[in-house]
>>> print(open('model.txt').read())   # compact mmCIF, C-alpha atoms and all ligand atoms
# COMPACT_ATOMS: atom_id res chain seq x y z
CA MET E 1 37.94 -70.03 -59.67
CA GLY E 2 37.07 -67.09 -61.92
CA LEU E 3 39.27 -65.83 -64.69
CA PRO E 4 41.61 -62.90 -63.88
CA LEU E 5 39.79 -60.48 -66.21
CA ASP E 6 36.21 -61.67 -65.60
CA GLY E 7 33.74 -58.83 -66.08
CA LYS E 8 36.38 -56.38 -67.28
CA GLU E 9 35.65 -54.11 -70.22
CA ILE E 10 38.87 -53.44 -72.11
CA ILE E 11 39.47 -51.20 -75.11
CA VAL E 12 42.39 -52.20 -77.32
CA GLY E 13 43.73 -49.47 -79.59
CA ILE E 14 45.74 -50.66 -82.58
CA THR E 15 48.01 -48.23 -84.41
CA GLY E 16 49.97 -48.61 -87.61
CA GLY E 17 53.02 -50.68 -86.87
CA ILE E 18 54.07 -54.07 -88.17
CA ALA E 19 53.61 -55.41 -84.61
CA ALA E 20 49.84 -55.00 -85.14
CA TYR E 21 49.72 -58.65 -86.12
CA LYS E 22 50.85 -59.61 -82.62
CA SER E 23 47.86 -57.76 -81.18
CA CYS E 24 45.60 -60.46 -82.62
CA GLU E 25 47.12 -62.77 -79.99
CA LEU E 26 46.67 -60.11 -77.35
CA VAL E 27 42.95 -59.67 -78.09
CA ARG E 28 42.51 -63.42 -77.99
CA GLY E 29 44.40 -63.69 -74.72
CA LEU E 30 42.36 -60.92 -73.11
CA ARG E 31 39.14 -62.69 -74.05
CA GLU E 32 40.43 -66.07 -72.91
CA ASN E 33 41.10 -64.45 -69.55
CA GLY E 34 37.51 -63.28 -69.25
CA ALA E 35 37.58 -59.71 -70.61
CA SER E 36 35.12 -58.16 -73.05
CA VAL E 37 37.18 -56.41 -75.71
CA SER E 38 36.41 -53.52 -78.04
CA VAL E 39 39.01 -52.87 -80.72
CA VAL E 40 39.66 -49.40 -82.11
CA MET E 41 42.03 -49.00 -85.04
CA THR E 42 43.75 -46.13 -86.77
CA ASP E 43 43.66 -45.91 -90.58
CA ALA E 44 47.30 -46.97 -90.69
CA ALA E 45 46.56 -50.01 -88.51
CA CYS E 46 43.88 -51.11 -91.01
CA ARG E 47 46.62 -51.28 -93.65
CA PHE E 48 48.52 -53.84 -91.59
CA VAL E 49 45.67 -56.04 -90.31
CA SER E 50 42.09 -56.09 -91.51
CA PRO E 51 39.44 -54.83 -89.06
CA LEU E 52 37.58 -58.04 -89.90
CA THR E 53 40.29 -60.06 -88.15
CA PHE E 54 39.90 -58.03 -84.97
CA SER E 55 36.08 -58.13 -85.23
CA ALA E 56 36.24 -61.91 -85.41
CA LEU E 57 38.71 -62.18 -82.52
CA SER E 58 36.95 -59.71 -80.24
CA GLY E 59 33.40 -60.73 -81.14
CA ARG E 60 32.54 -57.05 -81.65
CA GLU E 61 32.88 -54.82 -84.67
CA ALA E 62 36.36 -53.29 -84.76
CA ARG E 63 35.99 -49.54 -85.28
CA ALA E 64 38.20 -47.13 -87.16
CA GLU E 65 35.97 -44.27 -88.29
CA LEU E 66 35.23 -41.26 -86.11
CA PHE E 67 32.57 -40.07 -88.53
CA GLU E 68 29.99 -42.51 -89.75
CA PRO E 69 27.19 -41.95 -92.28
CA HIS E 70 24.70 -41.23 -89.49
CA GLY E 71 26.87 -39.19 -87.15
CA ILE E 72 29.82 -39.62 -84.82
CA THR E 73 30.87 -43.05 -83.58
CA HIS E 74 29.88 -43.41 -79.97
CA ILE E 75 32.83 -43.04 -77.69
CA ASP E 76 30.68 -43.72 -74.62
CA ILE E 77 32.40 -47.07 -74.15
CA THR E 78 35.34 -45.10 -72.75
CA ALA E 79 33.16 -44.21 -69.75
CA ARG E 80 32.57 -47.89 -68.98
CA ALA E 81 36.05 -49.18 -69.78
CA ASP E 82 38.14 -50.72 -66.99
CA ALA E 83 41.35 -50.41 -69.01
CA PHE E 84 42.56 -48.97 -72.29
CA ILE E 85 45.50 -50.72 -73.95
CA VAL E 86 47.29 -49.29 -76.99
CA ALA E 87 49.37 -51.99 -78.69
CA PRO E 88 51.28 -51.34 -80.80
CA ALA E 89 51.68 -47.72 -79.76
CA THR E 90 53.55 -45.85 -82.49
CA ALA E 91 55.55 -42.65 -81.98
CA ASN E 92 52.58 -40.88 -83.59
CA ILE E 93 49.91 -41.96 -81.08
CA ILE E 94 52.33 -41.35 -78.19
CA GLY E 95 52.91 -37.82 -79.51
CA LYS E 96 49.19 -37.20 -79.95
CA ALA E 97 48.25 -38.54 -76.52
CA ALA E 98 50.99 -36.50 -74.83
CA ASN E 99 49.93 -33.30 -76.56
CA GLY E 100 46.16 -33.61 -76.44
CA ILE E 101 45.56 -34.12 -80.13
CA ALA E 102 42.30 -35.87 -80.97
CA ASP E 103 41.98 -36.18 -84.73
CA ASP E 104 40.71 -39.71 -85.22
CA LEU E 105 38.63 -42.24 -83.33
CA LEU E 106 41.46 -43.75 -81.27
CA SER E 107 43.04 -40.45 -80.17
CA THR E 108 39.58 -39.04 -79.40
CA MET E 109 38.69 -42.04 -77.27
CA LEU E 110 42.03 -41.84 -75.47
CA MET E 111 41.24 -38.26 -74.50
CA ALA E 112 37.90 -39.30 -73.10
CA ALA E 113 39.30 -42.25 -71.12
CA LYS E 114 39.15 -42.15 -67.33
CA CYS E 115 40.42 -45.70 -66.78
CA PRO E 116 44.05 -46.90 -66.49
CA VAL E 117 45.84 -46.57 -69.84
CA LEU E 118 48.60 -48.98 -70.84
CA PHE E 119 50.81 -48.34 -73.87
CA ALA E 120 52.99 -50.97 -75.56
CA PRO E 121 55.38 -48.84 -77.67
CA ALA E 122 56.69 -50.26 -80.93
CA MET E 123 58.95 -48.44 -83.33
CA ASN E 124 62.37 -48.31 -84.93
CA CYS E 125 65.16 -48.05 -82.34
CA ARG E 126 66.34 -44.65 -83.59
CA MET E 127 62.80 -43.31 -83.42
CA PHE E 128 62.59 -44.60 -79.85
CA ASP E 129 65.78 -42.71 -79.06
CA ASN E 130 64.43 -39.46 -80.46
CA PRO E 131 64.31 -36.72 -77.79
CA ALA E 132 60.81 -35.63 -78.84
CA LEU E 133 59.52 -39.15 -78.35
CA GLN E 134 61.31 -39.47 -75.01
CA ALA E 135 59.84 -36.16 -73.85
CA ASN E 136 56.36 -37.35 -74.84
CA LEU E 137 56.86 -40.60 -72.93
CA LYS E 138 57.84 -38.59 -69.87
CA ILE E 139 54.74 -36.42 -70.14
CA LEU E 140 52.54 -39.50 -70.32
CA ARG E 141 54.35 -41.26 -67.48
CA ASP E 142 54.04 -38.20 -65.28
CA ARG E 143 50.31 -38.26 -65.97
CA GLY E 144 50.09 -41.83 -64.79
CA VAL E 145 49.99 -43.62 -68.14
CA LEU E 146 51.53 -47.08 -67.81
CA PHE E 147 53.94 -48.73 -70.21
CA VAL E 148 54.97 -52.25 -71.04
CA GLY E 149 58.14 -52.56 -73.09
CA PRO E 150 59.52 -51.93 -75.59
CA SER E 151 62.11 -54.67 -75.67
CA VAL E 152 65.44 -55.08 -77.40
CA GLY E 153 65.68 -57.25 -80.49
CA PRO E 154 65.68 -57.49 -84.26
CA MET E 155 63.27 -55.15 -85.98
CA ALA E 156 61.18 -55.48 -89.13
CA CYS E 157 63.45 -52.87 -90.79
CA ASN E 158 66.46 -55.18 -90.34
CA GLU E 159 67.95 -53.11 -87.54
CA PHE E 160 68.56 -54.30 -84.01
CA GLY E 161 67.81 -52.35 -80.86
CA LEU E 162 65.31 -51.10 -78.32
CA GLY E 163 61.88 -50.56 -79.83
CA ARG E 164 60.28 -53.96 -80.39
CA MET E 165 56.80 -54.30 -79.01
CA SER E 166 56.61 -56.54 -75.96
CA GLU E 167 55.32 -60.02 -76.60
CA PRO E 168 51.52 -60.43 -76.33
CA ALA E 169 51.96 -62.62 -73.21
CA ASP E 170 53.85 -59.79 -71.47
CA ILE E 171 51.22 -57.21 -72.42
CA LEU E 172 48.54 -59.56 -71.18
CA ARG E 173 50.39 -60.00 -67.90
CA ALA E 174 50.67 -56.21 -67.54
CA ALA E 175 46.92 -55.94 -68.22
CA VAL E 176 46.12 -58.55 -65.58
CA SER E 177 48.38 -56.81 -63.10
CA LEU E 178 46.34 -53.60 -63.51
CA PHE E 179 43.62 -55.36 -61.56
CA LYS E 180 45.82 -57.10 -59.04
CA GLU E 181 44.99 -56.41 -55.45
CA LYS E 182 47.51 -53.87 -54.15
CA THR E 183 48.55 -56.07 -51.26
CA LEU E 184 51.90 -54.34 -50.88
CA SER E 185 50.69 -50.76 -50.94
CA GLY E 186 52.68 -48.70 -48.46
CA VAL E 187 55.48 -51.29 -48.44
CA ARG E 188 58.97 -50.18 -49.48
CA VAL E 189 60.87 -52.82 -51.38
CA LEU E 190 64.53 -52.59 -52.29
CA VAL E 191 65.68 -54.85 -55.13
CA SER E 192 69.17 -55.40 -56.52
CA ALA E 193 69.61 -56.78 -60.01
CA GLY E 194 72.12 -57.50 -62.73
CA PRO E 195 75.84 -58.08 -62.69
CA THR E 196 78.56 -55.82 -61.38
CA PHE E 197 81.56 -54.82 -63.47
CA GLU E 198 84.89 -54.44 -61.72
CA ASP E 199 87.15 -52.27 -63.85
CA LEU E 200 90.72 -53.27 -64.43
CA ASP E 201 91.69 -50.50 -66.83
CA PRO E 202 89.71 -48.24 -69.20
CA VAL E 203 89.17 -51.23 -71.51
CA ARG E 204 88.66 -54.32 -69.35
CA PHE E 205 86.52 -55.37 -66.47
CA ILE E 206 85.58 -58.48 -64.53
CA GLY E 207 81.87 -59.20 -64.91
CA ASN E 208 79.49 -62.12 -64.99
CA ARG E 209 76.65 -63.55 -67.07
CA SER E 210 73.74 -62.01 -65.18
CA THR E 211 71.28 -60.14 -67.44
CA GLY E 212 69.25 -58.64 -64.59
CA ARG E 213 66.03 -60.32 -65.73
CA MET E 214 65.24 -62.01 -62.43
CA GLY E 215 65.72 -58.86 -60.36
CA PHE E 216 63.77 -56.74 -62.85
CA ALA E 217 60.94 -59.27 -62.72
CA VAL E 218 60.90 -59.02 -58.91
CA ALA E 219 60.82 -55.21 -59.11
CA LYS E 220 57.97 -55.27 -61.66
CA GLU E 221 55.96 -57.75 -59.61
CA ALA E 222 56.40 -55.79 -56.37
CA LEU E 223 55.34 -52.62 -58.20
CA SER E 224 52.22 -54.29 -59.59
CA ARG E 225 51.29 -55.27 -56.02
CA GLY E 226 51.43 -51.60 -55.03
CA ALA E 227 54.88 -51.47 -53.40
CA GLU E 228 57.18 -48.49 -53.60
CA VAL E 229 60.19 -50.01 -55.33
CA THR E 230 63.84 -48.96 -55.44
CA LEU E 231 65.82 -50.95 -57.99
CA ILE E 232 69.60 -50.86 -57.77
CA CYS E 233 70.93 -52.32 -60.96
CA GLY E 234 74.34 -53.13 -62.28
CA PRO E 235 75.07 -52.81 -66.02
CA ALA E 236 72.10 -54.49 -67.74
CA ALA E 237 70.55 -53.98 -71.16
CA LEU E 238 67.04 -53.87 -69.72
CA VAL E 239 64.87 -50.81 -69.24
CA PRO E 240 63.75 -50.42 -65.62
CA PRO E 241 59.98 -50.83 -65.23
CA PRO E 242 58.35 -47.38 -65.26
CA GLY E 243 57.33 -46.41 -61.76
CA VAL E 244 60.33 -47.83 -59.92
CA LYS E 245 63.08 -45.64 -58.54
CA ALA E 246 66.02 -46.97 -60.53
CA ILE E 247 69.62 -46.41 -59.41
CA ALA E 248 72.24 -47.48 -61.93
CA VAL E 249 75.59 -48.62 -60.56
CA ARG E 250 78.62 -50.36 -62.02
CA SER E 251 80.84 -51.98 -59.41
CA ALA E 252 80.13 -54.02 -56.29
CA ARG E 253 81.43 -51.13 -54.21
CA GLU E 254 79.00 -48.69 -55.86
CA MET E 255 76.16 -51.17 -55.45
CA ALA E 256 77.01 -51.61 -51.76
CA LYS E 257 77.02 -47.84 -51.19
CA ALA E 258 73.65 -47.30 -52.90
CA ALA E 259 72.09 -50.38 -51.27
CA LEU E 260 73.23 -49.53 -47.75
CA GLU E 261 71.87 -46.01 -48.12
CA ALA E 262 68.49 -47.30 -49.30
CA PHE E 263 68.19 -50.17 -46.81
CA SER E 264 67.33 -48.14 -43.73
CA ASN E 265 64.15 -47.01 -45.48
CA ALA E 266 63.13 -50.42 -46.79
CA ASP E 267 60.65 -52.89 -45.33
CA MET E 268 61.98 -55.65 -47.52
CA ALA E 269 65.20 -56.15 -49.50
CA ILE E 270 65.43 -58.72 -52.28
CA MET E 271 68.99 -59.11 -53.48
CA ALA E 272 68.91 -60.69 -56.90
CA ALA E 273 72.12 -59.08 -58.16
CA ALA E 274 75.08 -61.25 -59.07
CA VAL E 275 77.60 -59.20 -57.14
CA SER E 276 81.23 -59.83 -57.94
CA ASP E 277 82.92 -61.29 -54.88
CA PHE E 278 86.30 -59.87 -55.85
CA ALA E 279 87.56 -56.76 -57.57
CA PRO E 280 91.04 -55.89 -58.88
CA ALA E 281 93.19 -54.55 -56.07
CA GLU E 282 94.38 -51.78 -58.37
CA TYR E 283 92.91 -49.87 -61.27
CA SER E 284 95.25 -48.89 -64.07
CA ALA E 285 94.31 -45.49 -65.49
CA SER E 286 95.99 -46.38 -68.78
CA LYS E 287 95.48 -49.53 -70.83
CA ILE E 288 97.55 -52.45 -69.57
CA LYS E 289 99.88 -53.51 -72.41
CA LYS E 290 100.98 -57.06 -73.07
CA GLU E 291 104.40 -56.11 -74.39
CA GLY E 292 107.19 -57.93 -72.56
CA LEU E 293 104.77 -60.10 -70.57
CA GLN E 294 104.53 -63.87 -70.89
CA ASN E 295 101.91 -64.23 -68.18
CA TYR E 296 100.02 -61.81 -66.05
CA SER E 297 98.64 -62.23 -62.54
CA LEU E 298 95.88 -60.19 -61.10
CA LYS E 299 95.60 -59.39 -57.44
CA LEU E 300 91.96 -59.37 -56.40
CA ILE E 301 90.45 -58.16 -53.16
CA LYS E 302 87.14 -59.07 -51.61
CA THR E 303 84.17 -56.77 -52.21
CA PRO E 304 81.68 -55.88 -49.47
CA ASP E 305 79.00 -58.55 -48.98
CA ILE E 306 75.82 -56.48 -49.15
CA LEU E 307 73.44 -59.22 -48.08
CA SER E 308 75.55 -59.97 -45.00
CA ALA E 309 75.60 -56.27 -44.13
CA PHE E 310 71.80 -56.20 -44.33
CA GLY E 311 71.64 -59.33 -42.17
CA LYS E 312 73.74 -57.55 -39.53
CA ASP E 313 71.94 -54.20 -39.74
CA LYS E 314 68.36 -55.31 -40.07
CA LYS E 315 65.83 -53.92 -37.64
CA LYS E 316 62.79 -55.70 -36.29
CA GLY E 317 60.28 -56.17 -39.07
CA GLN E 318 62.70 -55.79 -41.98
CA VAL E 319 62.66 -58.81 -44.27
CA VAL E 320 65.87 -59.75 -46.08
CA VAL E 321 65.78 -62.07 -49.09
CA GLY E 322 68.86 -63.33 -50.91
CA PHE E 323 69.53 -65.56 -53.86
CA ALA E 324 71.98 -68.41 -54.15
CA ALA E 325 73.16 -69.18 -57.65
CA GLU E 326 74.63 -72.65 -57.49
CA THR E 327 75.95 -75.30 -59.81
CA ASP E 328 75.85 -78.01 -57.12
CA ASP E 329 74.22 -78.77 -53.76
CA ALA E 330 71.65 -75.98 -53.99
CA GLY E 331 69.84 -76.93 -50.77
CA PRO E 332 72.79 -77.16 -48.35
CA ASN E 333 74.43 -74.10 -49.93
CA ALA E 334 71.24 -72.04 -49.68
CA LEU E 335 70.72 -72.93 -46.03
CA LYS E 336 74.36 -72.19 -45.25
CA LYS E 337 74.07 -68.76 -46.91
CA LEU E 338 70.80 -68.09 -45.13
CA LYS E 339 72.37 -68.71 -41.73
CA GLU E 340 75.74 -67.11 -42.38
CA LYS E 341 74.22 -63.96 -43.87
CA ASN E 342 71.31 -63.87 -41.41
CA ALA E 343 68.77 -63.65 -44.23
CA ASP E 344 65.11 -64.53 -43.77
CA ILE E 345 64.73 -66.22 -47.13
CA ILE E 346 67.13 -67.57 -49.73
CA ALA E 347 65.98 -68.48 -53.22
CA ALA E 348 68.36 -71.01 -54.67
CA ASN E 349 68.61 -71.40 -58.40
CA ILE E 350 70.63 -73.90 -60.32
CA ILE E 351 72.78 -72.47 -63.08
CA GLY E 352 71.72 -74.52 -66.07
CA GLU E 353 70.42 -74.29 -69.61
CA ASN E 354 66.94 -72.99 -68.74
CA THR E 355 67.59 -71.74 -65.24
CA GLY E 356 69.82 -69.12 -63.72
CA PHE E 357 71.67 -66.70 -65.98
CA GLY E 358 70.76 -65.41 -69.42
CA CYS E 359 67.44 -67.21 -69.95
CA LEU E 360 63.76 -66.34 -69.64
CA THR E 361 62.87 -69.13 -67.22
CA ASN E 362 63.97 -70.15 -63.77
CA ARG E 363 63.32 -72.69 -61.05
CA LEU E 364 63.59 -71.41 -57.53
CA TYR E 365 63.95 -73.50 -54.41
CA ILE E 366 62.80 -71.12 -51.72
CA TYR E 367 64.14 -71.66 -48.22
CA ASP E 368 63.33 -69.99 -44.95
CA ARG E 369 64.92 -70.66 -41.59
CA LYS E 370 63.03 -73.92 -41.21
CA GLY E 371 63.94 -75.36 -44.61
CA LEU E 372 62.44 -75.66 -48.08
CA VAL E 373 59.12 -73.82 -48.35
CA MET E 374 58.57 -73.87 -52.11
CA ASP E 375 59.88 -75.40 -55.30
CA THR E 376 58.48 -73.20 -58.07
CA GLY E 377 59.16 -75.75 -60.82
CA LEU E 378 60.44 -74.44 -64.16
CA VAL E 379 58.48 -71.22 -64.79
CA SER E 380 59.01 -67.83 -66.43
CA LYS E 381 61.10 -65.40 -64.39
CA ASP E 382 57.98 -63.25 -63.96
CA GLU E 383 56.12 -66.20 -62.51
CA ALA E 384 59.08 -67.09 -60.28
CA ALA E 385 59.18 -63.50 -59.03
CA GLY E 386 55.49 -63.74 -58.11
CA ARG E 387 55.98 -66.94 -56.12
CA LEU E 388 58.99 -65.50 -54.31
CA LEU E 389 57.02 -62.41 -53.38
CA ASP E 390 54.14 -64.57 -52.15
CA VAL E 391 56.52 -66.26 -49.70
CA ALA E 392 58.44 -63.11 -48.73
CA ALA E 393 55.29 -61.03 -48.23
CA GLY E 394 54.14 -63.65 -45.72
CA LEU E 395 56.97 -62.50 -43.41
CA LEU E 396 56.09 -58.81 -43.58
CA GLN E 397 54.33 -57.23 -40.66
CA LEU E 398 51.85 -55.57 -42.95
CA LYS E 399 49.67 -54.20 -40.20
CA GLU E 400 52.55 -52.32 -38.59
CA ILE E 401 53.80 -51.03 -41.94
CA LYS E 402 50.37 -49.81 -43.00
CA SER E 403 49.72 -48.23 -39.61
CA LYS E 404 52.76 -46.03 -40.23
CA GLY E 405 50.44 -44.41 -42.76
CA ARG E 406 52.76 -44.48 -45.75
CA SER E 407 51.21 -44.60 -49.12
CA ALA E 408 52.77 -45.92 -52.30
CA LYS E 409 53.38 -43.38 -55.02
N1 LIG Q 1 75.73 -60.96 -52.42
C1 LIG Q 1 75.93 -59.68 -51.94
N2 LIG Q 1 77.17 -59.13 -51.96
C2 LIG Q 1 78.23 -59.81 -52.42
C3 LIG Q 1 78.05 -61.14 -52.91
C4 LIG Q 1 76.79 -61.68 -52.90
O1 LIG Q 1 74.97 -59.05 -51.52
N3 LIG Q 1 79.44 -59.28 -52.43
C5 LIG Q 1 74.37 -61.50 -52.36
C6 LIG Q 1 73.76 -61.84 -53.71
O2 LIG Q 1 73.04 -60.73 -54.23
C7 LIG Q 1 72.84 -62.99 -53.37
C8 LIG Q 1 73.56 -63.70 -52.24
O3 LIG Q 1 74.46 -62.74 -51.69
O4 LIG Q 1 71.60 -62.55 -52.90
C9 LIG Q 1 74.33 -64.91 -52.60
O5 LIG Q 1 75.18 -64.64 -53.70
P1 LIG Q 1 76.04 -65.80 -54.36
O6 LIG Q 1 76.88 -65.20 -55.43
O7 LIG Q 1 75.15 -66.97 -54.68
O8 LIG Q 1 76.90 -66.30 -53.17
P2 LIG Q 1 78.18 -65.72 -52.47
O9 LIG Q 1 77.79 -65.26 -51.13
O10 LIG Q 1 78.85 -64.73 -53.35
O11 LIG Q 1 79.05 -67.02 -52.31
P3 LIG Q 1 79.71 -67.97 -53.43
O12 LIG Q 1 79.96 -67.08 -54.63
O13 LIG Q 1 80.96 -68.45 -52.77
O14 LIG Q 1 78.71 -69.05 -53.70
>>> encode(input="model.txt", output="structure tokens")
Amino acid sequence: MGLPLDGKEIIVGITGGIAAYKSCELVRGLRENGASVSVVMTDAACRFVSPLTFSALSGREARAELFEPHGITHIDITARADAFIVAPATANIIGKAANGIADDLLSTMLMAAKCPVLFAPAMNCRMFDNPALQANLKILRDRGVLFVGPSVGPMACNEFGLGRMSEPADILRAAVSLFKEKTLSGVRVLVSAGPTFEDLDPVRFIGNRSTGRMGFAVAKEALSRGAEVTLICGPAALVPPPGVKAIAVRSAREMAKAALEAFSNADMAIMAAAVSDFAPAEYSASKIKKEGLQNYSLKLIKTPDILSAFGKDKKKGQVVVGFAAETDDAGPNALKKLKEKNADIIAANIIGENTGFGCLTNRLYIYDRKGLVMDTGLVSKDEAAGRLLDVAAGLLQLKEIKSKGRSAK
């Protein structure tokens, strides 16, 4: 079998951020996956990592100068490039690209590029928050530029927040997905993700440990396969993948309302959210005080079961996928949920140290009506999302969907 990037010509732009050192791994990974890589650096980038390092890793001279002793550096490689990745992408290069400024080799080449462009932003969290930066990101997104990250975490400047460059493996995955066959183009996929918070008073709520990672991974994977994705997410610290229609909700009731509205338009629904099964019967508009109380009982009422509602409402051709987060008896519980909720597929995951909530990996046992169809083994949540979509897509009536003549955005 060939490598995923065999024959691909990829330009990697490096700008001046501390994360430039991580791009060494990226260049290596791109080459290991079959790509030919040309590295272009800004002056600031050369202060972080030597061009020699990138020349050695890419096997081609890393360029930084627009003007050379004998003329202008050839930017003709942009005409042959299959993808242009900028990692790290500083606020400066994002601003230049958004506003058509071409004052060095990298920004000039970006202007000449006709291929898909993928930015991996990296900057201080307050810079990332800046309205000018956000407006520039929007301009680029609207023009079809793709983004991976940033992520939340500790920064080189000792602050903590959103602005860290994505890990090289994630950028590599995003690069590979640029070339993925768009097998789900024209398909509308509804995904739910994250926890729900059931408010008790203005201070407290009932929530759960879901981070939303699994659902976000499913949304990202469906998008990379060309689907039109609606992501309904409860309170999660993650940034929705650019390109999905994201609807933020808080409570199970809000999630149910948004999901039921979106379902009639969906070809497939994948419900990865950890929806609270119960919510406080009453909400106290002022803070509940402990004074005079020795114990306190809460009356909880059941929330709507969204997956069951989909199971009841589904029309011919609609595929409904649920999850089953279990501590014990994953198989029997998954099959029971599948039948009771009239789902087509249930992905059971065990809540453990490296599986289930709050971790980067998962192991899914995927069941359909006949029984276990796949055990993914312990894999990244992105990988697990891919396997689940492989199984779920097998149930779609793609011919009928495509004949309706819809096209993905
Ligand atoms: N689910 C839902 N609405 C709810 C509760 C759960 O749509 N009110 C969905 C979840 O998104 C998931 C599936 O149902 O796809 C199973 O959720 P899970 O929490 O594992 O099971 P429950 O049905 O809530 O049953 P239990 O908590 O008793 O295991």
>>> closest_residue(input="model.txt", among="E:Val86, E:Leu118, E:Ile101, E:Leu26", to="Arg143 of chain E", atoms="all atoms listed in the file")
E:Leu118
>>> closest_residue(input="model.txt", among="E:Leu360, E:Glu353, E:Lys381, E:Ala347", to="ligand LIG 1 (chain Q)", atoms="all atoms listed in the file")
E:Ala347
>>> residues_near_ligand(input="model.txt", ligand="ligand LIG 1 (chain Q)", cutoff="8 Å", atoms="only C-alpha atoms and all ligand atoms", output="ChimeraX atom specification")
/E:192-193,252,256,270-278,302-309,321-326,333,337,341,346,348
>>> atom_distance(input="model.txt", atom1="atom CA of Asp267 of chain E", atom2="atom CA of Leu364 of chain E")
22.4 Å
>>> residues_near_point(input="model.txt", point="(82.5, -52.7, -62.2)", cutoff="8 Å", atoms="only C-alpha atoms", output="PyMOL selection string")
chain E and resi 196-199+205-207+250-252+279
>>> residues_around(input="model.txt", residues="Asp142 of chain E", least_positions_apart="3", cutoff="12 Å", atoms="only C-alpha atoms", output="list in words")
Ala98, Ala135, Asn136, Leu137, Lys138, Ile139, Val145, Leu146, Phe147, Pro242, Gly243 and Lys409 of chain E
>>> closest_residue(input="model.txt", among="E:Leu300, E:Leu140, E:Leu238, E:Val320", to="Leu338 of chain E", atoms="all atoms listed in the file")
E:Val320
>>> atom_distance(input="model.txt", atom1="atom CA of Phe310 of chain E", atom2="atom CA of Leu388 of chain E")
18.7 Å
>>> closest_residue(input="model.txt", among="E:Phe263, E:Ala222, E:Glu340, E:Asn208", to="Ala236 of chain E", atoms="only C-alpha atoms")
E:Asn208
>>> residues_around(input="model.txt", residues="Met111 of chain E", least_positions_apart="3", cutoff="10 Å", atoms="all atoms listed in the file", output="PDB file with C-alpha atoms, in the frame of the given file")
ATOM      1  CA  THR E  78      35.340 -45.100 -72.750  1.00  0.00           C
ATOM      2  CA  LYS E  96      49.190 -37.200 -79.950  1.00  0.00           C
ATOM      3  CA  ALA E  97      48.250 -38.540 -76.520  1.00  0.00           C
ATOM      4  CA  ALA E  98      50.990 -36.500 -74.830  1.00  0.00           C
ATOM      5  CA  GLY E 100      46.160 -33.610 -76.440  1.00  0.00           C
ATOM      6  CA  ILE E 101      45.560 -34.120 -80.130  1.00  0.00           C
ATOM      7  CA  ALA E 102      42.300 -35.870 -80.970  1.00  0.00           C
ATOM      8  CA  LEU E 106      41.460 -43.750 -81.270  1.00  0.00           C
ATOM      9  CA  SER E 107      43.040 -40.450 -80.170  1.00  0.00           C
ATOM     10  CA  THR E 108      39.580 -39.040 -79.400  1.00  0.00           C
ATOM     11  CA  LYS E 114      39.150 -42.150 -67.330  1.00  0.00           C
TER      12      LYS E 114
END
>>> closest_residue(input="model.txt", among="E:Ala269, E:Ala20, E:Val218, E:Leu190", to="Ala89 of chain E", atoms="all atoms listed in the file")
E:Ala20
>>> residues_near_point(input="model.txt", point="(94.4, -47.9, -70.0)", cutoff="8 Å", atoms="only C-alpha atoms", output="ChimeraX atom specification")
/E:201-203,284-288
